[in-house]
Amino acid sequence: MKLLSFAIPCYNSQDYMEKCIESILPGGEDVEIIIVDDGSKDRTAEIADTYAAKYPTIVKAIHQENGGHGEAVNTGLRNATGLYFKVVDSDDWVDRDAYDKILAKLREIVESGDSIDMMLANYVYEKEGAKHKKVMRQTGFPTDCMFTWNDIHHFHKGHYILMHSVIYRTKLLRDCGLELPKHTFYVDNIYVYKPLPYVKKMYYMDVDFYRYFIGRDDQSVNESIMIRRIDQQIKVNKIMLDDVDLFKVSNLKCRRYMFNYLEIITVISTVLLIRSGTPENLEKKRELWGYIKERDVRVFHKLRRGIMGQTMNLPGKGGRKISIAAYHISQKLVGFN
């Protein structure tokens, strides 16, 4: 059995996927690399097959009809044989030194007969045109040791785990019934969020492992594209509400963390709807909050009473200006696009 499976979802990725694959290959026989060609029209399939032929014990190439990022992740998970599972997008890459340390730690844990459910590391915004690279750490989590939810002393508002930060135990992802929707952007949030109630033991390495490229004009996190795809952001927001009943999450600190996560996703949905400024999208904002209230009135009141919920729901044009100003501040704090 492999130690760590990597899934690389690829759609028309010929221009950058090789950098991604080459950064993972140094893991050698400890890892498997599952390249999922999601119905690409360029040379992606050819490149994937070339790597699979050259490294038959490490690389698998899987070709499928286009199903979107989520279905590519689903395919990677279905075919993974590793004890642990990591998604790396085809335009991103991993840092060699941090990678070596993570593999060594995972190997040490497995050889000791122990296991963890989730490993966390830092990711770095490789933002095009930025002079300084923003490193995103897992603030508030114990460092370089095994810990549980009860060992976390404080959560910082607005901090939430991204897919880039996390390595999950493969069986845990299967046991929690993770299945991402097809043809939907922003499913990374579901990927991280849904398994959290199943996570008992964690390990955080303070190393800059994942290099997250941000800045292409066609990138899904470009603000104007996010506004055009707002229906998909709302869909993900609603799936997060539907998939987990927060008041049934037994560990109170896990529940609190998940509430914070749901809050920040709801704020993103809300502020993008406000920022677009169209009557149609302002109506979608009202509909989203109505959906939350109907789905779980306790979650609705908790979201609305929070400072972020209050800021996002101030009435009138003045209220919308304050909401947008708060959004710009958050952009600068995290280097978001």
# chains A, B, ... in the order shown; residues from 1 in each chain; ligands from 1
>>> residues_around(residues="Asn281 of chain A", least_positions_apart="2", cutoff="12 Å", atoms="only C-alpha atoms", output="list in words")
Ile227, Arg228, Arg229, Ile230, Asp231, Ile234, Ser269, Thr270, Val271, Leu272, Leu273, Ile274, Arg275, Ser276, Gly277, Thr278, Pro279, Glu283, Lys284, Lys285, Arg286, Glu287 and Leu288 of chain A
>>> select_by_dssp(residues="segment 166-273 of chain A", states="strand (DSSP E or B)", output="list in words")
Val166, Ile167, Tyr168, Arg169, Met202, Tyr203, Tyr204, Met205, Asp206, Val207, Asp208, Phe209, Tyr210, Arg211, Tyr212, Phe213 and Ile214 of chain A
>>> closest_atom_pairs(of="segment 59-121 of chain A", to="segment 45-54 of chain A", cutoff="9 Å", atoms="only C-alpha atoms", output="JSON lines")
{"residue": "A:Val59", "atom": "CA", "partner": "A:Ala52", "partner_atom": "CA", "distance": 4.8}
{"residue": "A:Lys60", "atom": "CA", "partner": "A:Ala52", "partner_atom": "CA", "distance": 5.4}
{"residue": "A:Ala61", "atom": "CA", "partner": "A:Ala48", "partner_atom": "CA", "distance": 5.5}
{"residue": "A:Ile62", "atom": "CA", "partner": "A:Ala48", "partner_atom": "CA", "distance": 8.2}
{"residue": "A:His63", "atom": "CA", "partner": "A:Ala45", "partner_atom": "CA", "distance": 7.1}
>>> select_by_dssp(residues="segment 79-190 of chain A", states="helix (DSSP H, G or I)", output="PyMOL selection string")
chain A and resi 79+96-111+149-151+163-165+170-175+188-190
>>> residues_around(residues="Met163 of chain A", least_positions_apart="2", cutoff="10 Å", atoms="only C-alpha atoms", output="list in words")
Lys86, Val87, Val88, Asp89, Leu120, Tyr123, Tyr160, Ile161, Ser165, Val166, Ile167, Tyr168, Val187, Asp188, Asn189, Ile190, Tyr191, Val192, Tyr193 and Tyr210 of chain A
>>> atom_distance(atom1="atom CA of Arg304 of chain A", atom2="atom CA of Pro197 of chain A")
23.6 Å
>>> closest_residue(among="A:Pro195, A:Gly28, A:Gly290, A:Pro56", to="Asp243 of chain A", atoms="only C-alpha atoms")
A:Pro195
>>> residues_around(residues="Thr75 of chain A", least_positions_apart="3", cutoff="10 Å", atoms="only C-alpha atoms", output="number ranges by chain")
A: 7, 9, 34-36, 38, 62-64, 67, 69-72, 78-80, 179
